[in-house]
file work-v4.pdb (PDB, C-alpha atoms and all ligand atoms)
MODEL        1
ATOM      1  CA  MET M   1       0.000   0.000   0.000  1.00  0.00           C
ATOM      2  CA  THR M   2       1.279   3.445  -0.790  1.00  0.00           C
ATOM      3  CA  HIS M   3       1.655   5.842   2.123  1.00  0.00           C
ATOM      4  CA  PRO M   4      -0.741   8.762   2.353  1.00  0.00           C
ATOM      5  CA  ILE M   5       0.850  12.142   1.770  1.00  0.00           C
ATOM      6  CA  ASP M   6       0.947  14.307   4.868  1.00  0.00           C
ATOM      7  CA  LEU M   7       2.115  17.448   3.112  1.00  0.00           C
ATOM      8  CA  ALA M   8       2.937  18.589  -0.400  1.00  0.00           C
ATOM      9  CA  VAL M   9       5.619  21.214  -0.934  1.00  0.00           C
ATOM     10  CA  ILE M  10       6.042  23.250  -4.097  1.00  0.00           C
ATOM     11  CA  GLY M  11       9.602  24.524  -4.177  1.00  0.00           C
ATOM     12  CA  GLY M  12      10.349  27.855  -5.795  1.00  0.00           C
ATOM     13  CA  SER M  13      13.562  29.451  -7.029  1.00  0.00           C
ATOM     14  CA  GLY M  14      16.480  28.048  -5.054  1.00  0.00           C
ATOM     15  CA  LEU M  15      14.577  24.978  -3.822  1.00  0.00           C
ATOM     16  CA  TYR M  16      14.784  22.326  -6.501  1.00  0.00           C
ATOM     17  CA  GLN M  17      15.215  19.269  -4.277  1.00  0.00           C
ATOM     18  CA  PHE M  18      13.937  18.827  -0.781  1.00  0.00           C
ATOM     19  CA  PRO M  19      16.911  18.233   1.541  1.00  0.00           C
ATOM     20  CA  GLY M  20      16.735  15.261   3.865  1.00  0.00           C
ATOM     21  CA  LEU M  21      14.055  13.275   2.033  1.00  0.00           C
ATOM     22  CA  THR M  22      14.613   9.517   2.395  1.00  0.00           C
ATOM     23  CA  ASN M  23      12.951   6.452   0.992  1.00  0.00           C
ATOM     24  CA  THR M  24      12.038   8.478  -2.086  1.00  0.00           C
ATOM     25  CA  SER M  25      10.095   7.556  -5.171  1.00  0.00           C
ATOM     26  CA  ARG M  26       9.520   9.645  -8.278  1.00  0.00           C
ATOM     27  CA  GLN M  27       6.335   9.859 -10.243  1.00  0.00           C
ATOM     28  CA  ARG M  28       5.609  11.484 -13.540  1.00  0.00           C
ATOM     29  CA  ILE M  29       1.914  12.255 -13.461  1.00  0.00           C
ATOM     30  CA  ASP M  30      -0.060  12.641 -16.687  1.00  0.00           C
ATOM     31  CA  THR M  31      -2.658  15.278 -16.099  1.00  0.00           C
ATOM     32  CA  PRO M  32      -5.638  16.446 -18.180  1.00  0.00           C
ATOM     33  CA  TYR M  33      -3.843  19.804 -18.331  1.00  0.00           C
ATOM     34  CA  GLY M  34      -0.549  18.530 -19.711  1.00  0.00           C
ATOM     35  CA  PRO M  35       2.727  17.863 -17.937  1.00  0.00           C
ATOM     36  CA  ALA M  36       3.549  19.133 -14.458  1.00  0.00           C
ATOM     37  CA  SER M  37       6.842  20.994 -13.931  1.00  0.00           C
ATOM     38  CA  GLY M  38       8.567  17.644 -13.383  1.00  0.00           C
ATOM     39  CA  ASP M  39       8.366  14.459 -11.410  1.00  0.00           C
ATOM     40  CA  VAL M  40       6.751  14.567  -8.016  1.00  0.00           C
ATOM     41  CA  VAL M  41       9.252  13.200  -5.501  1.00  0.00           C
ATOM     42  CA  THR M  42       7.648  11.509  -2.539  1.00  0.00           C
ATOM     43  CA  GLY M  43       9.719  10.658   0.514  1.00  0.00           C
ATOM     44  CA  ASP M  44       9.976  10.458   4.263  1.00  0.00           C
ATOM     45  CA  PHE M  45      10.791  13.578   6.199  1.00  0.00           C
ATOM     46  CA  ALA M  46      10.548  14.105   9.948  1.00  0.00           C
ATOM     47  CA  GLY M  47       8.757  10.774  10.235  1.00  0.00           C
ATOM     48  CA  ARG M  48       6.032  11.773   7.779  1.00  0.00           C
ATOM     49  CA  ARG M  49       5.442  11.421   4.063  1.00  0.00           C
ATOM     50  CA  ILE M  50       5.855  14.480   1.877  1.00  0.00           C
ATOM     51  CA  ALA M  51       5.482  15.078  -1.845  1.00  0.00           C
ATOM     52  CA  PHE M  52       7.823  17.607  -3.375  1.00  0.00           C
ATOM     53  CA  LEU M  53       7.549  19.335  -6.734  1.00  0.00           C
ATOM     54  CA  ALA M  54      10.014  21.902  -8.087  1.00  0.00           C
ATOM     55  CA  ARG M  55       7.805  24.638  -9.550  1.00  0.00           C
ATOM     56  CA  HIS M  56      10.339  25.740 -12.152  1.00  0.00           C
ATOM     57  CA  GLY M  57      11.596  22.214 -12.845  1.00  0.00           C
ATOM     58  CA  GLU M  58      14.601  20.675 -11.133  1.00  0.00           C
ATOM     59  CA  SER M  59      16.999  22.573 -13.420  1.00  0.00           C
ATOM     60  CA  HIS M  60      14.967  25.810 -13.310  1.00  0.00           C
ATOM     61  CA  SER M  61      13.961  25.587 -16.952  1.00  0.00           C
ATOM     62  CA  LEU M  62      10.449  27.053 -16.624  1.00  0.00           C
ATOM     63  CA  PRO M  63       9.971  30.799 -16.191  1.00  0.00           C
ATOM     64  CA  PRO M  64       7.058  31.856 -13.967  1.00  0.00           C
ATOM     65  CA  HIS M  65       4.643  32.583 -16.826  1.00  0.00           C
ATOM     66  CA  ARG M  66       5.265  29.159 -18.379  1.00  0.00           C
ATOM     67  CA  VAL M  67       4.750  27.070 -15.268  1.00  0.00           C
ATOM     68  CA  ASN M  68       1.807  24.727 -15.738  1.00  0.00           C
ATOM     69  CA  TYR M  69       0.174  25.617 -12.427  1.00  0.00           C
ATOM     70  CA  ARG M  70      -2.946  23.599 -13.176  1.00  0.00           C
ATOM     71  CA  ALA M  71      -0.993  20.422 -13.892  1.00  0.00           C
ATOM     72  CA  ASN M  72       1.124  20.894 -10.756  1.00  0.00           C
ATOM     73  CA  LEU M  73      -1.826  21.266  -8.408  1.00  0.00           C
ATOM     74  CA  TRP M  74      -3.796  18.556 -10.147  1.00  0.00           C
ATOM     75  CA  ALA M  75      -0.849  16.114  -9.861  1.00  0.00           C
ATOM     76  CA  LEU M  76      -0.399  16.748  -6.126  1.00  0.00           C
ATOM     77  CA  HIS M  77      -4.123  16.381  -5.487  1.00  0.00           C
ATOM     78  CA  HIS M  78      -4.203  13.210  -7.588  1.00  0.00           C
ATOM     79  CA  LEU M  79      -1.427  11.724  -5.431  1.00  0.00           C
ATOM     80  CA  GLY M  80      -3.537  12.274  -2.350  1.00  0.00           C
ATOM     81  CA  ALA M  81      -2.125  15.542  -1.003  1.00  0.00           C
ATOM     82  CA  ARG M  82      -4.629  17.618   0.949  1.00  0.00           C
ATOM     83  CA  GLN M  83      -2.298  20.306   2.286  1.00  0.00           C
ATOM     84  CA  VAL M  84       0.155  22.268   0.171  1.00  0.00           C
ATOM     85  CA  VAL M  85       2.834  24.730   1.191  1.00  0.00           C
ATOM     86  CA  GLY M  86       4.090  26.891  -1.660  1.00  0.00           C
ATOM     87  CA  VAL M  87       7.610  28.196  -1.099  1.00  0.00           C
ATOM     88  CA  ASN M  88       8.030  31.423  -3.070  1.00  0.00           C
ATOM     89  CA  ALA M  89      10.940  33.763  -3.615  1.00  0.00           C
ATOM     90  CA  VAL M  90       9.764  37.347  -3.330  1.00  0.00           C
ATOM     91  CA  GLY M  91      10.950  40.916  -3.338  1.00  0.00           C
ATOM     92  CA  GLY M  92      10.188  42.983  -0.252  1.00  0.00           C
ATOM     93  CA  ILE M  93       8.202  46.204  -0.611  1.00  0.00           C
ATOM     94  CA  ARG M  94       7.484  46.899   3.059  1.00  0.00           C
ATOM     95  CA  GLY M  95      10.443  48.289   4.995  1.00  0.00           C
ATOM     96  CA  ASP M  96      10.644  45.377   7.449  1.00  0.00           C
ATOM     97  CA  MET M  97      10.591  42.824   4.638  1.00  0.00           C
ATOM     98  CA  GLY M  98      14.220  42.951   3.546  1.00  0.00           C
ATOM     99  CA  PRO M  99      16.467  40.207   2.188  1.00  0.00           C
ATOM    100  CA  ARG M 100      16.290  36.851   4.047  1.00  0.00           C
ATOM    101  CA  VAL M 101      13.130  37.761   5.930  1.00  0.00           C
ATOM    102  CA  ILE M 102      10.453  35.060   5.954  1.00  0.00           C
ATOM    103  CA  VAL M 103       6.811  36.035   5.585  1.00  0.00           C
ATOM    104  CA  VAL M 104       3.591  34.058   5.690  1.00  0.00           C
ATOM    105  CA  PRO M 105       1.335  36.363   3.672  1.00  0.00           C
ATOM    106  CA  ASP M 106      -2.408  36.586   4.194  1.00  0.00           C
ATOM    107  CA  GLN M 107      -3.556  38.443   1.095  1.00  0.00           C
ATOM    108  CA  VAL M 108      -2.921  38.507  -2.640  1.00  0.00           C
ATOM    109  CA  ILE M 109      -3.335  40.916  -5.521  1.00  0.00           C
ATOM    110  CA  ASP M 110      -2.996  39.282  -8.915  1.00  0.00           C
ATOM    111  CA  TYR M 111      -1.323  41.352 -11.655  1.00  0.00           C
ATOM    112  CA  THR M 112      -0.520  38.374 -13.879  1.00  0.00           C
ATOM    113  CA  HIS M 113      -2.084  37.888 -17.297  1.00  0.00           C
ATOM    114  CA  GLY M 114      -2.376  35.234 -19.952  1.00  0.00           C
ATOM    115  CA  ARG M 115      -2.098  32.334 -17.510  1.00  0.00           C
ATOM    116  CA  PHE M 116      -4.643  29.555 -17.119  1.00  0.00           C
ATOM    117  CA  THR M 117      -6.198  30.675 -13.882  1.00  0.00           C
ATOM    118  CA  SER M 118      -8.950  28.107 -13.378  1.00  0.00           C
ATOM    119  CA  PHE M 119      -9.841  24.467 -13.844  1.00  0.00           C
ATOM    120  CA  CYS M 120     -13.091  25.811 -15.358  1.00  0.00           C
ATOM    121  CA  ASP M 121     -11.091  27.096 -18.297  1.00  0.00           C
ATOM    122  CA  VAL M 122     -11.856  23.995 -20.355  1.00  0.00           C
ATOM    123  CA  ASP M 123     -14.781  23.444 -22.746  1.00  0.00           C
ATOM    124  CA  GLY M 124     -17.628  21.686 -20.983  1.00  0.00           C
ATOM    125  CA  ALA M 125     -16.244  22.214 -17.469  1.00  0.00           C
ATOM    126  CA  GLU M 126     -18.701  23.250 -14.786  1.00  0.00           C
ATOM    127  CA  VAL M 127     -18.309  26.943 -13.958  1.00  0.00           C
ATOM    128  CA  ARG M 128     -17.576  27.500 -10.267  1.00  0.00           C
ATOM    129  CA  HIS M 129     -16.955  30.719  -8.402  1.00  0.00           C
ATOM    130  CA  ILE M 130     -14.836  29.937  -5.360  1.00  0.00           C
ATOM    131  CA  ASP M 131     -14.753  32.228  -2.343  1.00  0.00           C
ATOM    132  CA  PHE M 132     -11.290  33.763  -2.263  1.00  0.00           C
ATOM    133  CA  SER M 133     -11.772  36.506   0.352  1.00  0.00           C
ATOM    134  CA  GLU M 134      -9.007  34.804   2.319  1.00  0.00           C
ATOM    135  CA  PRO M 135      -6.706  33.368  -0.355  1.00  0.00           C
ATOM    136  CA  TYR M 136      -4.696  31.219   2.058  1.00  0.00           C
ATOM    137  CA  THR M 137      -6.009  28.570   4.428  1.00  0.00           C
ATOM    138  CA  ALA M 138      -6.011  30.237   7.842  1.00  0.00           C
ATOM    139  CA  SER M 139      -5.285  27.062   9.821  1.00  0.00           C
ATOM    140  CA  LEU M 140      -2.299  26.159   7.650  1.00  0.00           C
ATOM    141  CA  ARG M 141      -0.944  29.720   7.821  1.00  0.00           C
ATOM    142  CA  LEU M 142      -1.160  29.712  11.588  1.00  0.00           C
ATOM    143  CA  ALA M 143       0.402  26.247  11.760  1.00  0.00           C
ATOM    144  CA  LEU M 144       3.315  27.491   9.641  1.00  0.00           C
ATOM    145  CA  LEU M 145       3.819  30.507  11.908  1.00  0.00           C
ATOM    146  CA  ASP M 146       3.646  28.318  14.978  1.00  0.00           C
ATOM    147  CA  ALA M 147       6.130  25.887  13.417  1.00  0.00           C
ATOM    148  CA  ALA M 148       8.555  28.718  12.614  1.00  0.00           C
ATOM    149  CA  ASN M 149       8.259  29.956  16.180  1.00  0.00           C
ATOM    150  CA  LYS M 150       8.961  26.483  17.599  1.00  0.00           C
ATOM    151  CA  ALA M 151      11.925  26.125  15.242  1.00  0.00           C
ATOM    152  CA  GLY M 152      13.287  29.435  16.561  1.00  0.00           C
ATOM    153  CA  ILE M 153      13.014  31.082  13.133  1.00  0.00           C
ATOM    154  CA  ALA M 154      11.504  34.551  12.810  1.00  0.00           C
ATOM    155  CA  ALA M 155       8.585  34.797  10.387  1.00  0.00           C
ATOM    156  CA  ILE M 156       6.278  37.748   9.800  1.00  0.00           C
ATOM    157  CA  ASP M 157       2.564  37.036  10.136  1.00  0.00           C
ATOM    158  CA  GLY M 158       0.646  38.511   7.220  1.00  0.00           C
ATOM    159  CA  GLY M 159       1.286  40.747   4.288  1.00  0.00           C
ATOM    160  CA  CYS M 160      -0.124  41.222   0.842  1.00  0.00           C
ATOM    161  CA  TYR M 161       1.602  39.308  -1.960  1.00  0.00           C
ATOM    162  CA  GLY M 162       1.422  41.061  -5.330  1.00  0.00           C
ATOM    163  CA  ALA M 163       1.815  38.533  -8.135  1.00  0.00           C
ATOM    164  CA  THR M 164       3.475  39.920 -11.257  1.00  0.00           C
ATOM    165  CA  GLN M 165       3.958  38.344 -14.655  1.00  0.00           C
ATOM    166  CA  GLY M 166       7.737  38.236 -14.854  1.00  0.00           C
ATOM    167  CA  PRO M 167      10.131  36.970 -15.841  1.00  0.00           C
ATOM    168  CA  ARG M 168      11.595  40.466 -15.718  1.00  0.00           C
ATOM    169  CA  LEU M 169      11.714  42.307 -12.434  1.00  0.00           C
ATOM    170  CA  GLU M 170       9.466  45.336 -12.036  1.00  0.00           C
ATOM    171  CA  THR M 171      10.075  49.010 -12.681  1.00  0.00           C
ATOM    172  CA  ARG M 172      10.225  51.414  -9.747  1.00  0.00           C
ATOM    173  CA  ALA M 173       6.942  52.929 -10.932  1.00  0.00           C
ATOM    174  CA  GLU M 174       5.276  49.521 -10.982  1.00  0.00           C
ATOM    175  CA  ILE M 175       6.439  48.808  -7.444  1.00  0.00           C
ATOM    176  CA  ALA M 176       5.348  52.290  -6.306  1.00  0.00           C
ATOM    177  CA  ARG M 177       1.902  51.532  -7.713  1.00  0.00           C
ATOM    178  CA  MET M 178       1.848  48.140  -6.003  1.00  0.00           C
ATOM    179  CA  LYS M 179       2.777  49.825  -2.740  1.00  0.00           C
ATOM    180  CA  ARG M 180      -0.138  52.256  -3.164  1.00  0.00           C
ATOM    181  CA  ASP M 181      -2.349  49.262  -3.854  1.00  0.00           C
ATOM    182  CA  GLY M 182      -1.333  47.777  -0.510  1.00  0.00           C
ATOM    183  CA  CYS M 183       1.190  45.128  -1.592  1.00  0.00           C
ATOM    184  CA  ASP M 184       3.938  44.270   0.879  1.00  0.00           C
ATOM    185  CA  LEU M 185       5.703  41.677  -1.253  1.00  0.00           C
ATOM    186  CA  VAL M 186       6.136  41.020  -4.941  1.00  0.00           C
ATOM    187  CA  GLY M 187       6.638  37.662  -6.599  1.00  0.00           C
ATOM    188  CA  MET M 188       5.927  35.999  -9.913  1.00  0.00           C
ATOM    189  CA  THR M 189       4.500  32.630  -8.932  1.00  0.00           C
ATOM    190  CA  GLY M 190       1.973  33.090  -6.130  1.00  0.00           C
ATOM    191  CA  MET M 191      -0.904  33.216  -8.601  1.00  0.00           C
ATOM    192  CA  PRO M 192      -2.761  31.385  -9.999  1.00  0.00           C
ATOM    193  CA  GLU M 193      -1.312  28.685  -7.722  1.00  0.00           C
ATOM    194  CA  ALA M 194      -3.267  29.745  -4.620  1.00  0.00           C
ATOM    195  CA  ALA M 195      -6.570  30.028  -6.507  1.00  0.00           C
ATOM    196  CA  LEU M 196      -6.156  26.669  -8.221  1.00  0.00           C
ATOM    197  CA  ALA M 197      -5.450  25.026  -4.867  1.00  0.00           C
ATOM    198  CA  ARG M 198      -8.711  26.495  -3.561  1.00  0.00           C
ATOM    199  CA  GLU M 199     -10.616  25.214  -6.605  1.00  0.00           C
ATOM    200  CA  LEU M 200      -9.393  21.709  -5.777  1.00  0.00           C
ATOM    201  CA  GLY M 201     -10.289  22.086  -2.115  1.00  0.00           C
ATOM    202  CA  LEU M 202      -6.647  21.867  -1.043  1.00  0.00           C
ATOM    203  CA  ASP M 203      -5.393  23.645   2.050  1.00  0.00           C
ATOM    204  CA  TYR M 204      -2.737  26.048   0.799  1.00  0.00           C
ATOM    205  CA  ALA M 205      -0.355  28.526   2.402  1.00  0.00           C
ATOM    206  CA  CYS M 206       2.665  30.430   1.170  1.00  0.00           C
ATOM    207  CA  LEU M 207       6.062  30.565   2.787  1.00  0.00           C
ATOM    208  CA  ALA M 208       7.589  33.639   1.187  1.00  0.00           C
ATOM    209  CA  LEU M 209      11.371  34.040   1.262  1.00  0.00           C
ATOM    210  CA  VAL M 210      12.530  37.592   0.654  1.00  0.00           C
ATOM    211  CA  ALA M 211      15.439  37.635  -1.773  1.00  0.00           C
ATOM    212  CA  ASN M 212      15.825  41.388  -2.304  1.00  0.00           C
ATOM    213  CA  PHE M 213      14.175  44.714  -1.784  1.00  0.00           C
ATOM    214  CA  ALA M 214      11.833  45.312  -4.719  1.00  0.00           C
ATOM    215  CA  ALA M 215      12.712  47.999  -7.270  1.00  0.00           C
ATOM    216  CA  GLY M 216      13.121  51.383  -5.596  1.00  0.00           C
ATOM    217  CA  CYS M 217      12.618  49.992  -2.080  1.00  0.00           C
ATOM    218  CA  GLY M 218      16.261  49.420  -1.135  1.00  0.00           C
ATOM    219  CA  ASP M 219      19.443  51.454  -1.365  1.00  0.00           C
ATOM    220  CA  GLU M 220      20.734  49.912  -4.589  1.00  0.00           C
ATOM    221  CA  ALA M 221      20.048  51.502  -7.983  1.00  0.00           C
ATOM    222  CA  GLU M 222      19.897  48.046  -9.547  1.00  0.00           C
ATOM    223  CA  ILE M 223      18.901  44.633  -8.306  1.00  0.00           C
ATOM    224  CA  SER M 224      21.606  42.017  -8.648  1.00  0.00           C
ATOM    225  CA  ILE M 225      20.493  38.516  -9.621  1.00  0.00           C
ATOM    226  CA  GLU M 226      23.592  37.073  -7.930  1.00  0.00           C
ATOM    227  CA  GLU M 227      22.561  38.713  -4.668  1.00  0.00           C
ATOM    228  CA  ILE M 228      18.998  37.459  -5.080  1.00  0.00           C
ATOM    229  CA  PHE M 229      20.250  33.885  -5.322  1.00  0.00           C
ATOM    230  CA  ALA M 230      22.716  34.313  -2.439  1.00  0.00           C
ATOM    231  CA  HIS M 231      19.955  35.617  -0.148  1.00  0.00           C
ATOM    232  CA  LEU M 232      17.595  32.906  -1.327  1.00  0.00           C
ATOM    233  CA  LYS M 233      20.140  30.203  -0.597  1.00  0.00           C
ATOM    234  CA  ALA M 234      20.441  31.482   2.967  1.00  0.00           C
ATOM    235  CA  ALA M 235      16.688  31.910   3.483  1.00  0.00           C
ATOM    236  CA  THR M 236      15.952  28.469   2.025  1.00  0.00           C
ATOM    237  CA  GLU M 237      17.909  26.848   4.858  1.00  0.00           C
ATOM    238  CA  ALA M 238      15.031  27.769   7.166  1.00  0.00           C
ATOM    239  CA  VAL M 239      12.492  25.768   5.162  1.00  0.00           C
ATOM    240  CA  PRO M 240      13.247  22.177   6.318  1.00  0.00           C
ATOM    241  CA  PRO M 241      13.301  23.028  10.056  1.00  0.00           C
ATOM    242  CA  ILE M 242      10.027  24.937   9.765  1.00  0.00           C
ATOM    243  CA  LEU M 243       8.367  22.097   7.884  1.00  0.00           C
ATOM    244  CA  ALA M 244       9.762  19.503  10.301  1.00  0.00           C
ATOM    245  CA  GLU M 245       7.976  21.353  13.128  1.00  0.00           C
ATOM    246  CA  LEU M 246       4.838  21.669  11.004  1.00  0.00           C
ATOM    247  CA  LEU M 247       4.763  17.911  10.541  1.00  0.00           C
ATOM    248  CA  LYS M 248       5.115  17.108  14.266  1.00  0.00           C
TER
HETATM  249  N1  LIG M 301      10.089  40.931  -8.077  1.00  0.00           N
HETATM  250  C1  LIG M 301       9.355  39.877  -8.453  1.00  0.00           C
HETATM  251  N2  LIG M 301       9.643  38.634  -8.087  1.00  0.00           N
HETATM  252  C2  LIG M 301      10.704  38.443  -7.292  1.00  0.00           C
HETATM  253  C3  LIG M 301      11.501  39.508  -6.865  1.00  0.00           C
HETATM  254  C4  LIG M 301      11.171  40.824  -7.269  1.00  0.00           C
HETATM  255  O1  LIG M 301      11.835  41.815  -6.928  1.00  0.00           O
HETATM  256  N3  LIG M 301      12.495  38.978  -6.104  1.00  0.00           N
HETATM  257  C5  LIG M 301      12.282  37.635  -6.060  1.00  0.00           C
HETATM  258  N4  LIG M 301      11.199  37.304  -6.784  1.00  0.00           N
ENDMDL
END
call {"tool": "encode", "arguments": {"input": "work-v4.pdb", "output": "structure tokens", "more": "lines below"}}
Ligand code: HPA
result
Amino acid sequence: MTHPIDLAVIGGSGLYQFPGLTNTSRQRIDTPYGPASGDVVTGDFAGRRIAFLARHGESHSLPPHRVNYRANLWALHHLGARQVVGVNAVGGIRGDMGPRVIVVPDQVIDYTHGRFTSFCDVDGAEVRHIDFSEPYTASLRLALLDAANKAGIAAIDGGCYGATQGPRLETRAEIARMKRDGCDLVGMTGMPEAALARELGLDYACLALVANFAAGCGDEAEISIEEIFAHLKAATEAVPPILAELLK
């Protein structure tokens, strides 16, 4: 008998394999929406069973606007996952959300376009209008915050994630507008992932890792991709201990 999946994790930039997974198996899932970003790797972690999927592919070959979000969520649901944590690299807009800070956002504004945003987006599919007032599952958000606390890792509770199209970073004017809109963070992959999870009835929360100050929010005139990846590497180290506590 296959083990049930206690938690699914979608890894973002800088998290292409889940460290410490043992007893792993890989599955390529055919979905009605085409291929997922890659194989789903299932394994034991902290005494529980987790399913891991690298959102951009294990060699980071998929830019944010080309990720097949529907196939990814469908594959995890098909494997029996009921709770999903999306790990997302973000830029910080709010002053206290600088590089290496970890945030568990509670709101979203979607600025993306041209992505498949719904499982209803297929001929003949039943049209459903999900409630999305609270885009993340409150209980999973709070469990993540509690887990971070128990792991001794600081994490900010709440913040509005602005999802942009990418793959380019934003202009200063775009970030200034997002700030006026109420965004605290900016990232390219938070949507439609969260909405698709809700359509499937999955619990979903985002663990946002700040890689840089967004355009115009820090001291630098330009944002360095090397620095983004260096900060992400450091922030990503906090992910396994947080999730180990979450799974206890
Ligand atoms: N903008 C959008 N997405 C990001 C950023 C950013 O500044 N940093 C990391 N992901």
call {"tool": "residues_around", "arguments": {"input": "work-v4.pdb", "residues": "region 180-184 of chain M", "least_positions_apart": "3", "cutoff": "12 Å", "atoms": "all atoms listed in the file", "output": "PyMOL selection string"}}
result
chain M and resi 90-98+103-111+156-164+173-177+187+208+210+213-214+217
call {"tool": "residues_near_point", "arguments": {"input": "work-v4.pdb", "point": "(2.5, 28.5, 9.1)", "cutoff": "9 Å", "atoms": "all atoms listed in the file", "output": "ChimeraX atom specification"}}
result
/M:85,104,138-148,155,157,205-207,242-243,246
call {"tool": "resolve_selection", "arguments": {"input": "work-v4.pdb", "expression": "the PyMOL selection byres (((chain M and resi 189) around 10) and not hetatm)", "output": "compact mmCIF listing (two decimals) with C-alpha atoms, in the frame of the given file"}}
result
# COMPACT_ATOMS: atom_id res chain seq x y z
CA GLY M 12 10.35 27.86 -5.80
CA SER M 13 13.56 29.45 -7.03
CA ARG M 55 7.80 24.64 -9.55
CA HIS M 56 10.34 25.74 -12.15
CA PRO M 63 9.97 30.80 -16.19
CA PRO M 64 7.06 31.86 -13.97
CA HIS M 65 4.64 32.58 -16.83
CA VAL M 67 4.75 27.07 -15.27
CA TYR M 69 0.17 25.62 -12.43
CA GLY M 86 4.09 26.89 -1.66
CA VAL M 87 7.61 28.20 -1.10
CA ASN M 88 8.03 31.42 -3.07
CA ALA M 89 10.94 33.76 -3.62
CA VAL M 90 9.76 37.35 -3.33
CA THR M 112 -0.52 38.37 -13.88
CA GLY M 162 1.42 41.06 -5.33
CA ALA M 163 1.82 38.53 -8.14
CA THR M 164 3.48 39.92 -11.26
CA GLN M 165 3.96 38.34 -14.66
CA GLY M 166 7.74 38.24 -14.85
CA PRO M 167 10.13 36.97 -15.84
CA VAL M 186 6.14 41.02 -4.94
CA GLY M 187 6.64 37.66 -6.60
CA MET M 188 5.93 36.00 -9.91
CA GLY M 190 1.97 33.09 -6.13
CA MET M 191 -0.90 33.22 -8.60
CA PRO M 192 -2.76 31.38 -10.00
CA GLU M 193 -1.31 28.68 -7.72
CA ALA M 194 -3.27 29.74 -4.62
call {"tool": "resolve_selection", "arguments": {"input": "work-v4.pdb", "expression": "the PyMOL selection byres (((chain M and resi 4) around 12) and not hetatm)", "output": "PyMOL selection string"}}
result
chain M and resi 1-3+5-8+42-44+48-51+76-83
call {"tool": "axis_aligned_box", "arguments": {"input": "work-v4.pdb", "around": "ligand LIG 301 (chain M)", "padding_each_side": "3 Å", "output": "lines of an AutoDock Vina configuration file"}}
result
center_x = 10.9
center_y = 39.6
center_z = -7.3
size_x = 9.1
size_y = 10.5
size_z = 8.4
call {"tool": "resolve_selection", "arguments": {"input": "work-v4.pdb", "expression": "the PyMOL selection byres (((chain M and resi 37) around 8) and not hetatm)", "output": "ChimeraX atom specification"}}
result
/M:35-36,38-39,53-57,62,67-68,71-72
call {"tool": "decode", "arguments": {"input": "work-v4.pdb", "residues": "region 111-136 of chain M", "atoms": "C-alpha atoms", "output": "compact mmCIF listing (two decimals), in the first residue's frame"}}
result
# COMPACT_ATOMS: atom_id res chain seq x y z
CA TYR M 111 -1.32 41.35 -11.66
CA THR M 112 -0.52 38.37 -13.88
CA HIS M 113 -2.08 37.89 -17.30
CA GLY M 114 -2.38 35.23 -19.95
CA ARG M 115 -2.10 32.33 -17.51
CA PHE M 116 -4.64 29.55 -17.12
CA THR M 117 -6.20 30.67 -13.88
CA SER M 118 -8.95 28.11 -13.38
CA PHE M 119 -9.84 24.47 -13.84
CA CYS M 120 -13.09 25.81 -15.36
CA ASP M 121 -11.09 27.10 -18.30
CA VAL M 122 -11.86 23.99 -20.36
CA ASP M 123 -14.78 23.44 -22.75
CA GLY M 124 -17.63 21.69 -20.98
CA ALA M 125 -16.24 22.21 -17.47
CA GLU M 126 -18.70 23.25 -14.79
CA VAL M 127 -18.31 26.94 -13.96
CA ARG M 128 -17.58 27.50 -10.27
CA HIS M 129 -16.95 30.72 -8.40
CA ILE M 130 -14.84 29.94 -5.36
CA ASP M 131 -14.75 32.23 -2.34
CA PHE M 132 -11.29 33.76 -2.26
CA SER M 133 -11.77 36.51 0.35
CA GLU M 134 -9.01 34.80 2.32
CA PRO M 135 -6.71 33.37 -0.35
CA TYR M 136 -4.70 31.22 2.06
